[in-house]
Amino acid sequence: MQHRIIVLGAGYTGAVAAGRLARRLSRADVAITLVNAEPDFVERVRMHQVATGQDLRPRPFHEMFAGTGVELRLATVTGIDVDRRTVTVTGTGSGTDAGNGGEELPYDTLVYALGSGWDAEGVPGVAEHAYDIAGRPGALRLRERLARLDAGQSVVVVGGGLTGLETATEIAEARPDLDVAIVARGGLGDWLSPKGRAHVRKVFAELGITVHEHVAVTGVEADRVTTAGDDALPAAVTVWTAGFAVHPIARATAMEVTGTGQIVVDGTMRSVSHPDVYAVGDAAMAMGPGDKPLRMSCASGIPTAWQAADSIAARLTGRKLPNTTMRYFNQCVSLGRKEGLIQYVTADDRAVSAVLTGRTAAFYKEVICKGAAWGVANPMLGLPSRRRRVARGRTATGQAVRARA
């Protein structure tokens with residue numbers, strides 16, 4: 001009987017993990033199922049571009065995984081039973097009926113890659129009035145709203161992190177007729193080096209973006225943003241980029257999770273409480289250099305997917321576990337289509353003095369984005385691979401068991 005591997009979520013991390021597993025393991029021995037709600041790969045790092053009316057190249061999963069042995073299941077994950085080793089989904093056409101309009105998919109090894117979405121942080125009015133770009137539905141909703149704005153109307157971007165910087169500059173560049181502002185809880189780009197912060201301020205000034213620093217947002221209404229001190233900023237559109245929250249399903253299971261709902265994993269991305277579950281990307285509480293948690297990002301997520309896939313393959317084939325050190329090299333920030341910032345960092349993600357700016361940085365960021373998408377879209381190409389047979393009676397927990405009848 002084949003070893004059943006289910007990968008939940010086909011963002012960067014889930015799609016990469018599924019493709020890498022398909023390259024590492026023999027089709028005769030494993031059945032790999034990739035569960036995702038959408039039929040196409042979403043370049044999440046480009047959602048600010050989608051929001052401003054730019055169209056991205058379609059990347060259908062059925063084309064990407066054709067001939068790989070990975071089975072795509074278009075479905076929404078509604079529950080996980082880690083004790084019975086089943087996943088409940090809706091929107092698919094086969095499996096065991098779970099009784100509530102869903103279906104149960106049994107697994108031997110689970111890769112949890114459901115990622116994260118926007119986090120309203122409990123601020124009143126955000127869910128009702130603000131827009132998000134954490135995924136394609138939110139980006140398309142914002143796109144439609146921006147297209148209906150008249151010249152001179154105001155757009156307020158809440159959040160001074162990477163997503164906030166990219167969103168504010170993209171909108172200001174695409175719509176110079178709008179009054180664009182950004183609200184940051186701290187200083188603008190305060191995690192960057194002095195050179196990096198200076199460049200961000202220069203670009204913001206050139207694009208005419210109003211900056212509100214060290215300001216806490218206390219509420220969002222249909223036409224304004226309220227801040228501490230009862231000040232109000234006019235906002236025909238409010239874009240919320242102040243935080244991300246992981247998918248809530250893991251918290252409802254018996255797995256050990258953090259207070260934020262991330263699955264606690266070891267160095268191989270395996271759950272510390274349930275060894276037949278691996279978590280990757282934003283869903284995992286993984287430690288990096290300096291014993292610091294990896295930040296939620298594509299830069300963190302893809303290496304965790306490599307680590308998980310290679311660890312699963314090693315345990316199933318009885319080979320030596322990979323010992324990969326995850327580290328950071330830089331932070332890539334697009335500031336519109338013509339400007340960018342590459343902030344070089346230490347292994348544990350602290351900014352150093354070196355930066356790359358201007359069109360060169362914008363080109364660099366574009367190459368990184370295209371490379372990440374290419375890696376997802378071509379799961380069987382790239383580094384040399386060898387499909388190995390699963391050792392008889394072996395599981396991805398690393399334990400030898402009696403073969404199933």
# chains A, B, ... in the order shown; residues from 1 in each chain; ligands from 1
>>> residues_around(residues="Ala28 (chain A)", least_positions_apart="4", cutoff="9 Å", atoms="only C-alpha atoms", output="PyMOL selection string")
chain A and resi 2+389-390
>>> write_last_selection(atoms="N, CA and C atoms", output="short mmCIF file (atom, residue, chain, number, x, y, z; two decimals), in the first residue's frame")
data_model
loop_
_atom_site.label_atom_id
_atom_site.label_comp_id
_atom_site.auth_asym_id
_atom_site.auth_seq_id
_atom_site.Cartn_x
_atom_site.Cartn_y
_atom_site.Cartn_z
N GLN A 2 0.50 2.24 -0.77
CA GLN A 2 1.30 3.47 -0.86
C GLN A 2 1.21 4.28 0.43
N ARG A 389 13.15 4.75 -3.48
CA ARG A 389 12.11 3.87 -2.99
C ARG A 389 11.97 4.02 -1.48
N VAL A 390 10.74 3.90 -1.01
CA VAL A 390 10.48 3.93 0.42
C VAL A 390 10.92 2.62 1.04
#
>>> select_by_dssp(residues="region 227-388 of chain A", states="helix (DSSP H, G or I)", output="JSON, numbers by chain")
{"A": [250, 251, 252, 281, 282, 283, 289, 290, 291, 298, 299, 300, 301, 302, 303, 304, 305, 306, 307, 308, 309, 310, 311, 312, 313, 314, 315, 316, 317, 358, 359, 360, 361, 362, 363, 364, 365, 366, 367, 368, 369, 370, 371, 372, 373, 374, 375, 376, 377]}
>>> atom_distance(atom1="CA of Ala113 (chain A)", atom2="CA of Ala130 (chain A)")
26.3 Å
>>> closest_residue(among="A:Gly135, A:Gly69, A:Gly9, A:Gly79", to="Met47 (chain A)", atoms="only C-alpha atoms")
A:Gly135
>>> residues_around(residues="Arg20 (chain A)", least_positions_apart="6", cutoff="9 Å", atoms="only C-alpha atoms", output="PyMOL selection string")
chain A and resi 305-306+309-310+379-380+385
>>> residues_around(residues="region 353-355 of chain A", least_positions_apart="4", cutoff="6 Å", atoms="only C-alpha atoms", output="ChimeraX atom specification")
/A:193,342-344
>>> residues_around(residues="Ile133 (chain A)", least_positions_apart="3", cutoff="8 Å", atoms="only C-alpha atoms", output="ChimeraX atom specification")
/A:47-48,51,118,136-139,142,239-241
>>> atom_distance(atom1="CA of Ala134 (chain A)", atom2="CA of Val45 (chain A)")
9.0 Å
